[in-house]
Every structure is written in C-alpha cells, then in structure tokens.
Protein chains: 2
Amino acid sequence: MTVELYDTTLRDGAQMEGISLSVEDKLRIARRLDELGVHFIEGGFPAANPKDVEFFERMRDVRLNNAKLVAFGGTRRVGSDPEKDPTLNVLATAGTEYVTVVGKANDLHVREVLGTSLEENLAMLSDSVRFLKSKGKGVFYDAEHFFDGFRLDSDYALSCLRATVNAGVDGVVLCDTNGGTLTEDLLRIIEMVQARLPNVPLGIHCHNDADVAVANSLAAVRAGVQQVQACINGYGERCGNANMVSIIAGLQLKLDQQVVTPQQLSRLTEVSRFVGEVANQMPVLPQPYVGASAFAHKAGYHTDAMTKVDNAYQHIDPAAVGNQTRNLVSELGGSRGLLDKLTELGIDYPLSRDEARSLTEKVKEMEARGYQYEGADASLEMLVRRTLPGFKPQFNLDDFWVVLRRRDSSYTDDDNKEMQAEAMVKLRIYRADGDEDRVIQTAADGNGPVNALDAAVRKALADYHPAIYNIRLADYKVRVIDSAGGTGANVRVLIECADEEHTWQTVGASTDIIEASWLALADALEWWLIRHE
Amino acid sequence: MTVELYDTTLRDGAQMEGISLSVEDKLRIARRLDELGVHFIEGGFPAANPKDVEFFERMRDVRLNNAKLVAFGGTRRVGSDPEKDPTLNVLATAGTEYVTVVGKANDLHVREVLGTSLEENLAMLSDSVRFLKSKGKGVFYDAEHFFDGFRLDSDYALSCLRATVNAGVDGVVLCDTNGGTLTEDLLRIIEMVQARLPNVPLGIHCHNDADVAVANSLAAVRAGVQQVQACINGYGERCGNANMVSIIAGLQLKLDQQVVTPQQLSRLTEVSRFVGEVANQMPVLPQPYVGASAFAHKAGYHTDAMTKVDNAYQHIDPAAVGNQTRNLVSELGGSRGLLDKLTELGIDYPLSRDEARSLTEKVKEMEARGYQYEGADASLEMLVRRTLPGFKPQFNLDDFWVVLRRRDSSYTDDDNKEMQAEAMVKLRIYRADGDEDRVIQTAADGNGPVNALDAAVRKALADYHPAIYNIRLADYKVRVIDSAGGTGANVRVLIECADEEHTWQTVGASTDIIEASWLALADALEWWLIRHE
C-alpha cells in the first residue's frame, strides 16, 4: 500500500501571512508539484474569489501526469437542500475528479460556532458526501478539529467520521486544526479510531503550532495512515502546516516508502526553492533536507571527520534530495548539476571539463554576489550563452541616469504628492546584419525609476525591434539578501516577463535596487531578442 | 522529579551558519537565559578561542540566580595522562561547578575518526570523568553519535555509557548528533538503555535534520529522560538543534512539567526575540509559540469563530508565552475588527461610531491603493494616530531628489560598473519643545536610492534624535500588486525595522518603488520617534 501525498500548498499554504499567489503563480506551482510526484493537489475553493475561479478554469487545460487536482470546500449549509446548495454545486462542477469536504468533528464547535445541533451536523456531513458521490466524485472528508474534538467527546467525533463513511466517503482525514497535539497523544487517538472504524482509509493533516507537525505526520503513517496532507516548505496559517518536503524525504529515506521515484526525490531541493521564490518567501537556510545550511559544516573536526567516514556528520547523502554538502570555509561543489541543468535548458553546446568547471566557478561567484538562479532560468541561460564561443550581445547600456523628484509632498496627505521619474540612456545596439553598431541616446518618463528606464531602453531598441513592445512584465519581486546591511543591503530582483507564447524569469543583484532591476531587465530583454533573431 | 533545561545556545547554537557572537553578546544572552529559568548554560570550551577564554573569565563575576554555567570540552587525548591532559585541565580550572565531556559512543567513529582502539576510547571516557570528579566537578557525558552507534553496535554504545557511569558521572546525555533519528526509533533505543542501565540519569540532545527534534526531545522526557539539551530558536549547525523555546512551552503547557515559573514562561516571546536580535537572525514569523504569525488569523471564518469560542483556532492562550493574537486586518469586514485591532495595538482613544466608520473607510481606500496592513501594524497605527485629535507629526519630507547614475557600465562585465546614488532632502522637523519648526536641507550618498534617501533623512533627524541610528532595517520586501501594469504597476514595499527592544513593520505603496519605500520608511521612523518622545 502506497502512502498518498496530498499537497495543500495552494489552499492551506496560501493562508500564510505574507503569501499572496496570483493565478499564474498557482499554475506554475501546480505543474511543479505534479512533476515532483505528489498524488493530490488541493487547489482551493473554486468560488472563494475570482483568482480561484480562474485557476480551476485554466487547470481544465493542464494535463497532469502524476497528480489529481482536488477542489476543496465546506459541507452543505445548515438546513439546506444538498441539490440546491451553492457550495456543493460549485464543488460538483469544478471539473476535478476529487473533492475534499471540510466539516466539523467537534461538538463544541458545532454548537457554538456553527450554531446548530449535533444531529444536523451529522446530516450535513452525510448529505454532502452522498451528494458528491452521486456526481461521481472521489470524496475526502477533512475532519476539522478532530483531535481536540475527540478529547472533548470521543463518541461524537467518531460519529462524524462514521456519518461520512456510511455515505461512501473515500477517505477520512484526521485534522489537528490547531496544531497543539503532541505525537504520543496523536498516536493514541489514531489507534482508537482504527479500533472503532477498522478498514476505513485514514489521512492525517497536521499544523505546526507545537513544533511537531512532521513528527506527527510520519508517526501517523507508521501507525497505518494512508494519506498525508501537507504544504511545501511548511507554509500555512499561524505556524504553518506540516512540511511536505521533510515528509517526502522522511517517508522515502527513513521509512522506505516509495512515495516518489528516486529521480523525483533528487529534485526536492529545487522544488522547495522554486515554490519559495514564487511565494516570495525568504529561503530558510537551516531547512531540513533542502536548506542551503542543511549539509553545511562549520566545525573543523566535523569536516575533518567527513574525510574519514562518509556522512560522519550527515544523516543522509544530500544528493538523494538534490542538495549538497558545503564546507563553510571553502565553498566546494560540482559542475555535474550545472551540466544537467544546461541540457534541461536546451543548451547543447558540448562543454569541455575546463569550460564546465569555469562556468561552475562563475555561477558560484554570482551567487556570492546575491544571484540565485533557482526560478531564474533565463538569466542562467544568458550567463552561459555569454561564455560560449561566438556569442554576440544584442545591446549594451553604456550609460544611464535616473532622476527622481518628489516635491511639495506630504506623506500625511498623498493627494499633494507629485513624483517625477525620468531616465536618460545611452544604448549601444550591436547589428547582426553587418551594419555598424549604433549608439542611441534617448530619454523617457515613467511612473517610477524602473518603469522610466524600461521605457527609455525599449524606445532605443524599438527602431530595430518594434515587437519589443509585446513583452510585458508579469511579475517583479525584490528581496533583501543580507538583512544586517539595512537599506544598504544587497537586494535581489526577480522579474518575470511574458509575451504571447512564453513566460520567462530573470534575476539581478546589487546593493542598488535600480541596478539590480536593470540587470534582471537586461537579461529578460536580451533572452527575448535572441529568440526573435 | 523536575526536568532540567540545559541550554547550549552559546556553544552548539553558535555553530549555526551566519551566527557570530561577541563576548558581550554571550554575556547578555547568558543573563537572559538565567532570568528565563534554564538550569544549565553551556558556555563553550574555555580554550577554544580567545573569546571563549574571556567569556569564562568574565562569567566569574556574574551572579546567576537560576542557572549553573557549564564548561564543555572533549575527553583526554588518546594515550595521554589525565593529570597532564590540556583539555581536562582547562575544564577543571574554568571556574564552573559543572562540566560536560563529549566523547564517542560509536565504534565506527572510534576506529576511523579517532583512529584508536575501542578499549582506549572506554579508558578515555572513564579517566576523564574520574579526573573531573576528583576535582569536585559535576560531570555530564555527551555521548556523541549515540543513536547511530547503538544501531551499529549496541553493546559497544552501552559500554561507553557504562564506562562513565562506573567513573561516577552525574548524567549521561544521549546525542542524536546527525539528527536523523525518527521519534519511534529514538524511543525504542531509550527504552533499551533504561532497561540495561537502570537508575542512570539520562539526558537527550537532538538535532533537527529530520525535522523532528522537538518531538524527539518531548517524547524522551515522557519516556523518563531528565535533562533536555537545546538551543533558543533552534539555532545550531546544519538544520539546528532542538528548539528550547518550543520545548519549554511544550513541557510546561502540554506535559505539565513546571520547568520555569509562569512569570518566566510569559517572557518566552521576549527572550526568543532578544536572542534573535543579538544573534542577528531574521525573526521567523511562523515560529511556534513565539513568532509574530504564531497566533495570526487570516481566514474570515477563523476570526469569526474566535469571537464565539475562546481559542477556537489557537492551541494555547498566547499570553501564557507572552505572545498575542493578531487579526490580520486585510480580511476584516467592518469596523468591529478594526476596533479590536486598535485595542491590540494599545491605542485606547475612544472612537465614536462615526470616527470608527470613517477610519475603516480610510483603511479600505488605502488598501485599494495597494496598501496591505496585514503584517504592517506600525503603519496601521500611524494611519490611526494621524487621524486622532491632537496628533503632532514628527517631521515632514517637503521635497526630495534622488539621482542615480550608472556609467561606463556593461551588464556583461560587472567589474566595469560604477553606480552612484545620491539623495537631497528638505526635511521639516516639528518641535515638541515650543521652538520653531526647523527645515533642514541636506544630502547623502548611498549604495542605492533607498539607502541614500534613508541616510539623508537620518542625517537631518540626527541633531534632535541621535538615537535614530539605533534603528536597523531588518527586512525589505517589494511586491508588484497589479502585475498587468508591467514595470509601471503599483508596488507595495514592506519594511521591517528593529532596535534592541522591538521589531515593527510598515508598508508603503506607489507606482514608484522609491516613493513606496519612502512612505514605508517614514512610517517606521515616525513610529519609533513617537515611542521615544
């Protein structure tokens, strides 16, 4: 029996403070989760807001290879007819094979929060599952506050589960909604459920409020639970959900569960970082398995011992999850991963050993400056292309000025503000047609410095490449890298551009946000120009 | 029997990538740990480096009320005479009542890393403990790689423990040095140790490489282990040590262990943040129990349920650990939530119904412009304060210019770049002392536009508020709000500032990133000035 990975990053994970995912973000993450090999992707409630509506619409055209998309929502309302209930009808018509219904399993919450009778709640659970099953859906029941409910009134909590089982539910998910249950207590309750409801497929859904969510999830699987609900990087409301990344690695490497293939497992680090980038979250250096510090060694006797005994101070081989050992004194790493990446990007120029090594060095040097190529493939591609023999740059920005002025302004009354931004550029355009290179000097206004610079550069390029105006900036993110430096810290800018066919990501880093933005923008424009030559 | 809290933040915690503690830092942390009520503070090896030597020297004059300082070091060397062994003599003369000796408990490591016989390692353990006991010390044995060693050769691992027990050790600490042991396996091994070595006081020392360190530590205590070694905020090499903060809260609130007083427990959040500041680590918003997001609620039905059932979506009362519930304002329906929020912020001005309504309208209007007060309490507070009767602004930025220049540059060769940023400001300072307002015109360079602006404004303010330089920018995030607008879209800047006591967050929104940054920075500076008036 394989354990099922049920990812709820797009629903419960998006509840995290500071996370706000666009439809495009959700689509990108969904594709990566599918590649990673999770079995279910919970996408949200298909009527929660226009973004979620659009997401489920667009997912109708996305072909998933491993995962099933799941729509999530509540039961029918108190006293309503399931056939006419708006929530159930949305779930039934969301275009997914599976739906998850969340419903109360705690008598206190039924009475005080829902404000109805214990019997009506059982009827709501049962009616909702029966209705959705009649529409041909696979149905999971998320038993909200189950563990707290069980402690208050175990009979009632079990009746809730039983109501859905009798209605034909495909799995009952025990939720530690408030995240306060310790491992031993959780196991004790799971065992009692198994004794009272034998042969019912169970799932587990943990939150990390007591700092034990991963341990609880793994312990539950060991106790026989078949489905684990979790979020990439442990995103989620309050202290987050159980961390899917740690759970996948723990299941596969420590509990011998083949939840994904070894190839998929080896991309765990990449997926974790990709999702972090898209969600605009700071990477957690000490994150288990996938953090940049997870296999970093500072103590001299540790690094020394590692030369004598493999993994003397490591619990696993980091390559298994796509991570690597770092000796903090001297950053060493292989060029192997880079070559794999180039193949992936479709750059098939055969690099010699020396070229590969020097390229690896260049990447490390850029990373030390604050670049990060996870989630910025187009910049990595440009970095590589610029080192290949015969590379011809499209343009060079010889010089720019940006002037910003805010006057007669008062931050207490924004209506008085008058902000001006103007950029002057001197752009050298390299001609492919044998004509002489041209230097174009021009200027443009913008409603911000990057916008002004972007406008001036495109204006300079437009004579030769009028289609340059088809590129739109789809996303723009900035992150402080070394927070100790305050407003003088290094910043990393991630840009996502799109035209009618493609979406591509670039990165720039500098202490100066405008320069960092320019570097990312330059990569984005040049990447596009190369494709249109 | 009370469980002993053994803090190793100053030794194992300081091994974390990016942490470097000065002697002064270590002294400040030690005093706070003592106030928090931990029982042992491991200070380092008193000969590891000059800083640790000085730390132990200076600690001779520090009176601790709750904790015992512990010196940490290795056993005698292979083949050496304990009486003449340098390590043991350093430990014996460090001026501490207790010492902890780390030594191998894993036959592979004895043979391959230490390069000696299994018998010699046993003699090293036994001699070292006996020598230190003869000097009148309390002695703990950190059994390095114990769990891995037990799996390889349980008899030898147990002989190591027995060697120190026979030499009179005061406690044997089972170390999961590589952090890879899952809870169930850890418990199974602890039970076997207890069966073979009854009545020996045991300790536990976990690392978080498998993301289960807190669960393991708590499970070990439940199994009868008496001492827990851990680090504040889970600092430590690789993925960190077990998190002492979560362990204290878990022991006290969930396992009914009175490890500290309720008053000490109520300062847990403060201590966690203090240590984070001193160690110069980013606050982890979702950190269990003490993070700023730990009791933050975004989903509307959660905040609604909380008004009906106490702690409906919280596993404990946050006040118990000195933390608080936060209702994330963006999701608030009416002015009711806003009023609750103001109470939470400590603004007790009695608003009339109309005032409350117009304030709610103002918040909505700002949100429509791109502001988001979720995670920017200080900006919300400033927005409110500015509407209250009698509010006096601290300053106004009448005018600013920012000039950026990048010349002779080539993005393909960053070594040629030369980026200049300069800001000129005209700042009006409102005087509280009755003197006339002053307009200060000044300028400053920066390594980026926001840094230059920040520098110029602080320079203008510093005459009246020299302490303004104590504020540091802890985090800076930018997000494009409406991505369809490309580089001309609205951007939202979130800033987190910190001084020695507080951390506060502000927000600014504009199409111009510099203006948005300025608006957030202005709120941050003014919020701080109001508190320091």
# chains A, B, ... in the order shown; residues from 1 in each chain; ligands from 1
$ interface_residues --of "chain B" --to "chain A" --cutoff "6 Å" --atoms "only C-alpha atoms" --output "PyMOL selection string"
chain B and resi 113+178+180+209+211-212+215+238-239+286-288+293-296+305+308+313-315+398-409+447-448+451+472-480+483+486-488+511-512
$ residues_around --residues "His465 of chain B" --least-positions-apart "3" --cutoff "12 Å" --atoms "only C-alpha atoms" --output "list of chain:residue names"
B:Gln394, B:Phe395, B:Ile429, B:Arg431, B:Val457, B:Arg458, B:Lys459, B:Ala460, B:Leu461, B:Ala462, B:Ile468, B:Tyr469, B:Asn470, B:Ile471, B:Leu525, B:Glu526, B:Trp528, B:Leu529, B:Ile530, B:His532, B:Glu533
$ atom_distance --atom1 "atom CA of Tyr464 of chain B" --atom2 "atom CA of Thr442 of chain B"
14.6 Å
$ select_by_dssp --residues "segment 217-277 of chain A" --states "strand (DSSP E or B)" --output "ChimeraX atom specification"
/A:227-231,241,243
$ atom_distance --atom1 "atom CA of Pro318 of chain A" --atom2 "atom CA of Gly276 of chain B"
28.1 Å
$ atom_distance --atom1 "atom CA of Met366 of chain A" --atom2 "atom CA of Leu265 of chain A"
26.9 Å
$ calpha_fit_rmsd --fixed "chain A" --moving "chain B"
6.1 Å
$ closest_residue --among "B:Ala71, B:Ala432, B:Leu494, B:Val23" --to "Phe55 of chain B" --atoms "only C-alpha atoms"
B:Val23
$ residues_around --residues "Val129 of chain A" --least-positions-apart "3" --cutoff "7 Å" --atoms "only C-alpha atoms" --output "count of residues only"
9
